[in-house]
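Below is the file run.pdb, which contains PDB, C-alpha atoms and all ligand atoms.
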```
MODEL        1
ATOM      1  CA  MET X 271     134.405 144.786 116.357
ATOM      2  CA  LYS X 272     133.246 146.556 113.154
ATOM      3  CA  LYS X 273     135.538 144.281 111.128
ATOM      4  CA  ILE X 274     134.065 141.142 112.719
ATOM      5  CA  LEU X 275     130.514 142.364 111.960
ATOM      6  CA  ILE X 276     131.355 143.030 108.284
ATOM      7  CA  LEU X 277     133.087 139.644 107.996
ATOM      8  CA  THR X 278     130.036 137.868 109.495
ATOM      9  CA  LEU X 279     127.726 139.679 107.048
ATOM     10  CA  VAL X 280     129.916 138.681 104.077
ATOM     11  CA  VAL X 281     129.853 135.023 105.189
ATOM     12  CA  ILE X 282     126.016 135.038 105.620
ATOM     13  CA  VAL X 283     125.481 136.666 102.197
ATOM     14  CA  SER X 284     127.750 134.122 100.432
ATOM     15  CA  ILE X 285     126.035 131.137 102.138
ATOM     16  CA  CYS X 286     122.592 132.455 101.091
ATOM     17  CA  GLY X 287     123.842 133.022  97.534
ATOM     18  CA  ALA X 288     125.224 129.489  97.273
ATOM     19  CA  GLN X 289     121.962 128.018  98.621
ATOM     20  CA  ALA X 290     119.890 130.033  96.108
ATOM     21  CA  GLN X 291     122.145 128.894  93.251
ATOM     22  CA  LYS X 292     121.816 125.243  94.358
ATOM     23  CA  LYS X 293     118.002 125.532  94.543
ATOM     24  CA  ASN X 294     117.892 127.124  91.108
ATOM     25  CA  THR X 295     119.904 124.263  89.603
ATOM     26  CA  VAL X 296     117.619 121.618  91.063
ATOM     27  CA  ASN X 297     114.202 123.219  90.592
ATOM     28  CA  ASN X 298     114.196 125.651  87.711
ATOM     29  CA  ARG X 299     116.442 124.287  85.018
ATOM     30  CA  VAL X 300     115.730 121.321  82.810
ATOM     31  CA  PRO X 301     118.366 118.795  83.881
ATOM     32  CA  SER X 302     120.659 117.881  81.021
ATOM     33  CA  VAL X 303     122.798 114.861  80.279
ATOM     34  CA  ASN X 304     126.305 116.108  80.855
ATOM     35  CA  GLY X 305     128.087 113.256  79.110
ATOM     36  CA  THR X 306     129.547 110.284  80.912
ATOM     37  CA  ASN X 307     131.584 109.708  84.035
ATOM     38  CA  GLU X 308     134.977 108.041  83.695
ATOM     39  CA  ASP X 309     133.425 104.646  84.486
ATOM     40  CA  GLY X 310     130.953 105.041  81.601
ATOM     41  CA  THR X 311     127.905 105.908  83.702
ATOM     42  CA  ILE X 312     125.829 108.955  82.798
ATOM     43  CA  HIS X 313     125.692 111.802  85.270
ATOM     44  CA  VAL X 314     122.523 113.799  85.506
ATOM     45  CA  ASN X 315     120.403 115.486  88.167
ATOM     46  CA  ALA X 316     116.994 113.852  87.768
ATOM     47  CA  LEU X 317     113.775 115.145  89.315
ATOM     48  CA  GLU X 318     112.749 111.575  90.234
ATOM     49  CA  THR X 319     114.006 108.010  89.623
ATOM     50  CA  ILE X 320     111.702 105.080  88.804
ATOM     51  CA  GLU X 321     113.338 101.655  89.041
ATOM     52  CA  LEU X 322     112.290  99.285  86.270
ATOM     53  CA  PRO X 323     111.333  95.668  86.950
ATOM     54  CA  MET X 324     113.734  93.244  85.227
ATOM     55  CA  SER X 325     111.255  91.100  83.356
ATOM     56  CA  TYR X 326     112.735  90.507  79.920
ATOM     57  CA  GLU X 327     113.757  86.976  80.886
ATOM     58  CA  GLY X 328     110.075  85.983  80.747
ATOM     59  CA  LEU X 329     109.632  86.882  77.083
ATOM     60  CA  HIS X 330     110.396  83.939  74.869
ATOM     61  CA  ALA X 331     108.893  84.740  71.478
ATOM     62  CA  PRO X 332     111.122  82.973  68.945
ATOM     63  CA  PHE X 333     113.399  85.283  67.006
ATOM     64  CA  ILE X 334     112.101  84.127  63.611
ATOM     65  CA  HIS X 335     108.557  84.841  64.769
ATOM     66  CA  ALA X 336     109.584  88.410  65.666
ATOM     67  CA  LEU X 337     111.179  88.856  62.236
ATOM     68  CA  LYS X 338     108.054  87.539  60.530
ATOM     69  CA  GLU X 339     105.838  89.872  62.557
ATOM     70  CA  ARG X 340     108.001  93.013  62.289
ATOM     71  CA  ARG X 341     106.050  95.782  60.595
ATOM     72  CA  THR X 342     105.083  99.415  60.909
ATOM     73  CA  ILE X 343     101.849  99.945  62.822
ATOM     74  CA  ARG X 344     100.540 103.523  62.990
ATOM     75  CA  ASP X 345      97.016 102.912  64.297
ATOM     76  CA  LEU X 346      97.901 102.750  67.998
ATOM     77  CA  HIS X 347      95.552 102.683  70.999
ATOM     78  CA  GLU X 348      95.880 105.048  73.947
ATOM     79  CA  GLU X 349      95.717 102.227  76.524
ATOM     80  CA  GLU X 350      98.617 102.256  79.034
ATOM     81  CA  ILE X 351     101.431  99.701  78.704
ATOM     82  CA  PRO X 352     102.475  97.867  81.929
ATOM     83  CA  LEU X 353     105.800  98.979  83.422
ATOM     84  CA  GLU X 354     107.208  95.451  82.935
ATOM     85  CA  LEU X 355     106.742  95.777  79.183
ATOM     86  CA  ILE X 356     108.207  99.278  79.151
ATOM     87  CA  SER X 357     111.193  97.913  81.041
ATOM     88  CA  SER X 358     111.704  95.160  78.455
ATOM     89  CA  LEU X 359     111.151  97.598  75.600
ATOM     90  CA  LEU X 360     113.880  99.923  76.850
ATOM     91  CA  TRP X 361     116.247  97.071  77.578
ATOM     92  CA  SER X 362     115.684  95.676  74.072
ATOM     93  CA  ALA X 363     116.296  99.106  72.585
ATOM     94  CA  TYR X 364     119.495 100.027  74.382
ATOM     95  CA  GLY X 365     120.032  98.038  77.584
ATOM     96  CA  TYR X 366     123.245  96.363  78.699
ATOM     97  CA  ASN X 367     123.345  92.720  77.641
ATOM     98  CA  ARG X 368     126.913  92.428  79.014
ATOM     99  CA  PRO X 369     126.769  94.654  82.103
ATOM    100  CA  ASP X 370     130.252  93.561  83.287
ATOM    101  CA  GLU X 371     131.717  95.105  80.147
ATOM    102  CA  MET X 372     129.147  97.923  79.946
ATOM    103  CA  LYS X 373     128.191  96.757  76.459
ATOM    104  CA  ARG X 374     124.749  97.011  74.974
ATOM    105  CA  VAL X 375     122.200  95.106  72.914
ATOM    106  CA  ALA X 376     122.785  97.570  70.047
ATOM    107  CA  PRO X 377     126.256  97.948  68.554
ATOM    108  CA  SER X 378     127.830 101.386  68.128
ATOM    109  CA  ALA X 379     130.731 102.514  65.963
ATOM    110  CA  VAL X 380     133.955 102.541  68.035
ATOM    111  CA  ASN X 381     131.687 101.561  70.965
ATOM    112  CA  VAL X 382     130.979 105.235  71.697
ATOM    113  CA  GLN X 383     127.413 104.427  72.859
ATOM    114  CA  GLU X 384     126.361 107.936  71.916
ATOM    115  CA  TYR X 385     122.613 107.534  72.304
ATOM    116  CA  ASP X 386     120.469 108.934  75.089
ATOM    117  CA  ILE X 387     117.086 107.238  75.086
ATOM    118  CA  TYR X 388     114.168 109.336  76.277
ATOM    119  CA  LEU X 389     110.712 108.051  77.146
ATOM    120  CA  PHE X 390     107.821 110.486  76.705
ATOM    121  CA  THR X 391     104.758 109.582  78.784
ATOM    122  CA  ARG X 392     101.631 111.331  80.083
ATOM    123  CA  GLU X 393     103.535 112.135  83.300
ATOM    124  CA  GLY X 394     106.728 113.503  81.860
ATOM    125  CA  ILE X 395     109.922 112.887  79.923
ATOM    126  CA  TYR X 396     112.262 110.274  81.359
ATOM    127  CA  LEU X 397     115.858 109.404  80.523
ATOM    128  CA  TYR X 398     116.603 105.684  80.370
ATOM    129  CA  ASN X 399     119.474 104.730  82.656
ATOM    130  CA  ALA X 400     120.592 101.274  81.511
ATOM    131  CA  GLU X 401     123.132 100.869  84.285
ATOM    132  CA  LYS X 402     120.570 101.325  87.069
ATOM    133  CA  ASN X 403     117.733  99.828  84.996
ATOM    134  CA  ALA X 404     115.694 102.884  85.834
ATOM    135  CA  ILE X 405     114.050 105.859  84.205
ATOM    136  CA  LEU X 406     114.930 109.324  85.431
ATOM    137  CA  LEU X 407     112.350 112.090  85.312
ATOM    138  CA  MET X 408     113.869 115.019  83.443
ATOM    139  CA  VAL X 409     110.849 117.153  82.518
ATOM    140  CA  LYS X 410     107.402 117.075  84.097
ATOM    141  CA  GLY X 411     104.201 117.126  82.043
ATOM    142  CA  ASP X 412     102.726 115.577  78.925
ATOM    143  CA  HIS X 413     104.885 116.537  75.935
ATOM    144  CA  ARG X 414     104.070 113.549  73.706
ATOM    145  CA  ALA X 415     102.226 115.563  71.057
ATOM    146  CA  GLU X 416     105.135 118.007  70.741
ATOM    147  CA  ILE X 417     107.397 115.310  69.299
ATOM    148  CA  SER X 418     105.738 115.513  65.894
ATOM    149  CA  GLN X 419     102.580 116.595  64.085
ATOM    150  CA  GLN X 420     102.029 112.942  63.123
ATOM    151  CA  LYS X 421      98.913 111.864  64.971
ATOM    152  CA  HIS X 422     100.238 108.629  66.504
ATOM    153  CA  PHE X 423     102.395 110.598  68.977
ATOM    154  CA  ALA X 424      99.419 112.218  70.720
ATOM    155  CA  VAL X 425      97.692 108.830  71.033
ATOM    156  CA  ALA X 426     100.417 106.339  71.956
ATOM    157  CA  PRO X 427     100.905 106.017  75.748
ATOM    158  CA  VAL X 428     104.694 106.179  75.356
ATOM    159  CA  SER X 429     107.176 107.322  72.747
ATOM    160  CA  ILE X 430     110.879 106.687  72.597
ATOM    161  CA  VAL X 431     113.045 109.527  71.306
ATOM    162  CA  MET X 432     116.614 108.626  70.382
ATOM    163  CA  VAL X 433     119.101 111.466  70.804
ATOM    164  CA  ALA X 434     122.675 111.210  69.520
ATOM    165  CA  ASN X 435     124.858 112.955  72.115
ATOM    166  CA  TYR X 436     127.718 114.482  70.139
ATOM    167  CA  ASP X 437     129.733 115.057  73.337
ATOM    168  CA  ARG X 438     130.518 111.337  73.163
ATOM    169  CA  MET X 439     131.488 111.396  69.481
ATOM    170  CA  GLY X 440     134.689 113.434  69.586
ATOM    171  CA  VAL X 441     136.581 110.399  68.275
ATOM    172  CA  PHE X 442     135.234 111.044  64.750
ATOM    173  CA  LYS X 443     137.472 113.396  62.854
ATOM    174  CA  ASN X 444     134.793 115.396  61.066
ATOM    175  CA  THR X 445     131.051 116.054  61.240
ATOM    176  CA  GLU X 446     130.410 113.996  58.088
ATOM    177  CA  ASP X 447     131.775 110.838  59.770
ATOM    178  CA  ARG X 448     130.039 111.684  63.045
ATOM    179  CA  ASP X 449     126.658 112.124  61.355
ATOM    180  CA  PHE X 450     127.107 108.970  59.278
ATOM    181  CA  TYR X 451     127.855 106.793  62.309
ATOM    182  CA  ALA X 452     125.115 108.414  64.410
ATOM    183  CA  ALA X 453     122.597 107.575  61.664
ATOM    184  CA  VAL X 454     123.841 103.999  61.295
ATOM    185  CA  ASP X 455     123.781 103.421  65.066
ATOM    186  CA  ALA X 456     120.219 104.776  65.218
ATOM    187  CA  GLY X 457     119.139 102.059  62.788
ATOM    188  CA  TYR X 458     120.198  99.270  65.115
ATOM    189  CA  ILE X 459     118.261 100.711  68.039
ATOM    190  CA  SER X 460     115.222 101.296  65.871
ATOM    191  CA  GLN X 461     115.239  97.723  64.601
ATOM    192  CA  ASN X 462     115.580  96.420  68.181
ATOM    193  CA  ILE X 463     112.459  98.407  69.077
ATOM    194  CA  TYR X 464     110.605  97.041  66.040
ATOM    195  CA  LEU X 465     111.564  93.449  66.873
ATOM    196  CA  PHE X 466     110.674  93.760  70.548
ATOM    197  CA  CYS X 467     107.293  95.220  69.625
ATOM    198  CA  ALA X 468     106.702  92.407  67.143
ATOM    199  CA  SER X 469     107.455  89.788  69.791
ATOM    200  CA  ALA X 470     105.400  91.524  72.515
ATOM    201  CA  LYS X 471     102.404  92.238  70.261
ATOM    202  CA  LEU X 472     102.881  95.994  70.470
ATOM    203  CA  GLY X 473     102.665  98.442  67.602
ATOM    204  CA  THR X 474     105.293 100.983  66.635
ATOM    205  CA  VAL X 475     106.540 103.158  63.778
ATOM    206  CA  ALA X 476     110.012 104.595  63.253
ATOM    207  CA  CYS X 477     109.593 108.326  62.618
ATOM    208  CA  GLY X 478     112.161 110.654  61.150
ATOM    209  CA  GLY X 479     109.580 113.414  60.667
ATOM    210  CA  ILE X 480     109.859 114.941  64.136
ATOM    211  CA  ASN X 481     110.046 118.487  65.596
ATOM    212  CA  ARG X 482     113.769 118.504  66.280
ATOM    213  CA  ASP X 483     114.051 122.113  67.464
ATOM    214  CA  THR X 484     111.187 121.650  69.931
ATOM    215  CA  ILE X 485     112.668 118.399  71.244
ATOM    216  CA  HIS X 486     116.124 119.954  71.592
ATOM    217  CA  LYS X 487     114.659 122.842  73.601
ATOM    218  CA  LEU X 488     112.560 120.527  75.783
ATOM    219  CA  LEU X 489     115.551 118.319  76.577
ATOM    220  CA  ASN X 490     118.106 121.108  76.782
ATOM    221  CA  ILE X 491     120.217 119.534  74.048
ATOM    222  CA  LYS X 492     123.128 121.758  73.120
ATOM    223  CA  ASN X 493     125.384 119.356  71.253
ATOM    224  CA  GLY X 494     123.385 116.514  69.778
ATOM    225  CA  ARG X 495     120.485 115.595  67.522
ATOM    226  CA  ALA X 496     117.155 113.881  68.010
ATOM    227  CA  MET X 497     117.362 111.290  65.243
ATOM    228  CA  LEU X 498     114.330 109.019  65.339
ATOM    229  CA  ALA X 499     111.236 108.624  67.467
ATOM    230  CA  HIS X 500     109.073 105.545  68.058
ATOM    231  CA  PRO X 501     105.546 105.866  69.434
ATOM    232  CA  VAL X 502     104.681 102.526  71.043
ATOM    233  CA  GLY X 503     101.278 101.221  71.999
ATOM    234  CA  MET X 504      98.724  98.436  71.794
ATOM    235  CA  PHE X 505      96.880  98.074  68.501
TER     236      PHE X 505
HETATM  237  C1  LIG T 601     114.494 106.107  58.931
HETATM  238  C2  LIG T 601     112.999 105.922  58.828
HETATM  239  C3  LIG T 601     112.158 107.022  58.993
HETATM  240  C4  LIG T 601     110.773 106.862  58.942
HETATM  241  N1  LIG T 601     109.971 107.956  59.176
HETATM  242  C5  LIG T 601     108.630 107.775  59.209
HETATM  243  C6  LIG T 601     107.770 108.867  59.566
HETATM  244  O1  LIG T 601     108.230 109.983  59.880
HETATM  245  N2  LIG T 601     106.429 108.640  59.584
HETATM  246  C7  LIG T 601     105.889 107.422  59.289
HETATM  247  O2  LIG T 601     104.657 107.283  59.337
HETATM  248  N3  LIG T 601     106.663 106.363  58.950
HETATM  249  C8  LIG T 601     108.023 106.510  58.913
HETATM  250  N4  LIG T 601     108.832 105.425  58.661
HETATM  251  C9  LIG T 601     108.245 104.082  58.445
HETATM  252  C10 LIG T 601     108.299 103.650  56.992
HETATM  253  O3  LIG T 601     107.357 104.389  56.237
HETATM  254  C11 LIG T 601     108.028 102.149  56.929
HETATM  255  O4  LIG T 601     109.091 101.464  57.546
HETATM  256  C12 LIG T 601     107.887 101.694  55.487
HETATM  257  O5  LIG T 601     106.685 102.171  54.941
HETATM  258  C13 LIG T 601     107.922 100.181  55.356
HETATM  259  O6  LIG T 601     106.902  99.590  56.130
HETATM  260  P1  LIG T 601     107.243  98.404  57.182
HETATM  261  O7  LIG T 601     108.055  99.050  58.298
HETATM  262  O8  LIG T 601     105.922  97.910  57.676
HETATM  263  O9  LIG T 601     108.038  97.390  56.472
HETATM  264  C14 LIG T 601     110.219 105.578  58.685
HETATM  265  C15 LIG T 601     111.073 104.473  58.508
HETATM  266  C16 LIG T 601     112.446 104.636  58.600
HETATM  267  C17 LIG T 601     113.325 103.426  58.455
ENDMDL
END
```

As structure tokens - that is how I would like this structure written.
Amino acid sequence: MKKILILTLVVIVSICGAQAQKKNTVNNRVPSVNGTNEDGTIHVNALETIELPMSYEGLHAPFIHALKERRTIRDLHEEEIPLELISSLLWSAYGYNRPDEMKRVAPSAVNVQEYDIYLFTREGIYLYNAEKNAILLMVKGDHRAEISQQKHFAVAPVSIVMVANYDRMGVFKNTEDRDFYAAVDAGYISQNIYLFCASAKLGTVACGGINRDTIHKLLNIKNGRAMLAHPVGMF
């Protein structure tokens, strides 16, 4: 009888412990991007998922027009950008243009697709999930001004922060090659953002002068680097 009582107590204590651990994982820790599943999808525990409307088909600004209009615009307004435009912006930056092959609008060396694209808004920090065409809430609260001291970040309604996830870059034999290809790949994404903004009459500026340590802490980045950030807004 005594043995059964002790056994029951042990079982109850372990169930409670497991529940507490589960709760802690979901509520108290900043969710992190843990790399990719075998099928190429990212796995992450998000606080909330917002599905993005697929509206890029409606934008038909000629490519040459976008090239002619591409420029750095730092004097951004704080006015909100509609979700449709944000959806197209993220797709243009790093969406899948060949979803069957899981290939993206931006090329990447050895197709490692190492970038995680974060969207900082007044509500929180979201991770772009190209496969689901959604944004996943990772951190609650307005952290836009923490990206950089440069004043456009506090004003722009949204900012994109591009983080090279080194977990996906093991194929490169040394850190020199890894860093070189991460920097080159960042350039393609940045130019896509510039060209989308030019065609959609939005302003943006590529910024390398960002608070990397702060961003890494905010996003719980252990093995990666925030490379470039783009505040985006009306002007
Ligand atoms: C890699 C890179 C980093 C940059 N970093 C910053 C920055 O931190 N702050 C800023 O105001 N502009 C930054 N810029 C924008 C450049 O100053 C801008 O592209 C340049 O003045 C040319 O202007 P344009 O883009 O209108 O042709 C950066 C541009 C690049 C390509």

Checklist entry - Could you work out how far CA of Ala468 (chain X) lies from CA of Leu337 (chain X), giving the answer in Å with one decimal? => result 7.5 Å

Item to check | Ground truth for the PyMOL selection byres (((chain X and resi 487) around 12) and not hetatm), written as a PyMOL selection string | outcome: chain X and resi 299-302+409+413+416-417+481-486+488-496

Item to check | Hits from the PyMOL selection byres (((chain X and resi 368-377) around 10) and not hetatm), listed as a VMD selection string | outcome: chain X and resid 309 to 311 361 to 367 378 to 383 400 to 401 454 to 462

Let me know the centre plus edge lengths, in Å and rounded to one decimal, of a box with edges along x, y and z that contains all listed atoms of ligand LIG 601 (chain T) and is padded by 5 Å on every side, as JSON.
```
{"center_x": 109.6, "center_y": 103.7, "center_z": 57.4, "size_x": 19.8, "size_y": 22.6, "size_z": 14.9}
```

Contacts with ligand LIG 601 (chain T) at most 10 Å, all atoms listed in the file counted, listed as a compact mmCIF listing (two decimals) with C-alpha atoms, in the frame of the given file:
```
# COMPACT_ATOMS: atom_id res chain seq x y z
CA GLU X 339 105.84 89.87 62.56
CA ARG X 340 108.00 93.01 62.29
CA ARG X 341 106.05 95.78 60.60
CA THR X 342 105.08 99.42 60.91
CA ILE X 343 101.85 99.94 62.82
CA ARG X 344 100.54 103.52 62.99
CA SER X 418 105.74 115.51 65.89
CA GLN X 419 102.58 116.60 64.08
CA GLN X 420 102.03 112.94 63.12
CA LYS X 421 98.91 111.86 64.97
CA HIS X 422 100.24 108.63 66.50
CA ALA X 453 122.60 107.58 61.66
CA VAL X 454 123.84 104.00 61.30
CA ALA X 456 120.22 104.78 65.22
CA GLY X 457 119.14 102.06 62.79
CA SER X 460 115.22 101.30 65.87
CA GLN X 461 115.24 97.72 64.60
CA TYR X 464 110.60 97.04 66.04
CA THR X 474 105.29 100.98 66.64
CA VAL X 475 106.54 103.16 63.78
CA ALA X 476 110.01 104.60 63.25
CA CYS X 477 109.59 108.33 62.62
CA GLY X 478 112.16 110.65 61.15
CA GLY X 479 109.58 113.41 60.67
CA ILE X 480 109.86 114.94 64.14
CA MET X 497 117.36 111.29 65.24
CA LEU X 498 114.33 109.02 65.34
CA ALA X 499 111.24 108.62 67.47
CA HIS X 500 109.07 105.54 68.06
```

Next on the checklist: As an exercise, work out the distance from CA of Phe505 (chain X) to CA of Gly473 (chain X) in Å and give it to one decimal place.
Outcome noted: 5.9 Å

Next on the checklist: Going by the chain IDs and residue numbers used in this file, which residues fall under the PyMOL selection byres (((chain X and resi 395) around 8) and not hetatm)? Write them as an MDAnalysis selection string.
Outcome noted: chainID X and resid 388:391 393:394 396:397 407:413

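For the atom pair formed by CA of Tyr451 (chain X) and CA of Ser429 (chain X), the distance is 23.2 Å, given to one decimal.
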
Each residue of region 408-447 of chain X lying at most 10 Å from region 348-360 of chain X should get a row with its shortest atom-to-atom pair and the distance in Å to one decimal, counting only C-alpha atoms; could you produce that, ordered by chain and increasing number, as CSV?
```
residue,atom,partner,partner_atom,distance
X:His422,CA,X:Glu348,CA,9.3
X:Phe423,CA,X:Glu348,CA,9.9
X:Ala424,CA,X:Glu348,CA,8.6
X:Val425,CA,X:Glu348,CA,5.1
X:Ala426,CA,X:Glu348,CA,5.1
X:Pro427,CA,X:Glu348,CA,5.4
X:Val428,CA,X:Ile351,CA,8.0
X:Ile430,CA,X:Leu360,CA,8.5
```

Next on the checklist: Measuring between all atoms listed in the file, which one of X:His313, X:Gly503, X:Asp345, X:Glu384 shows the shortest distance to Phe442 (chain X)?
Outcome noted: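 Closest candidate: X:Glu384.
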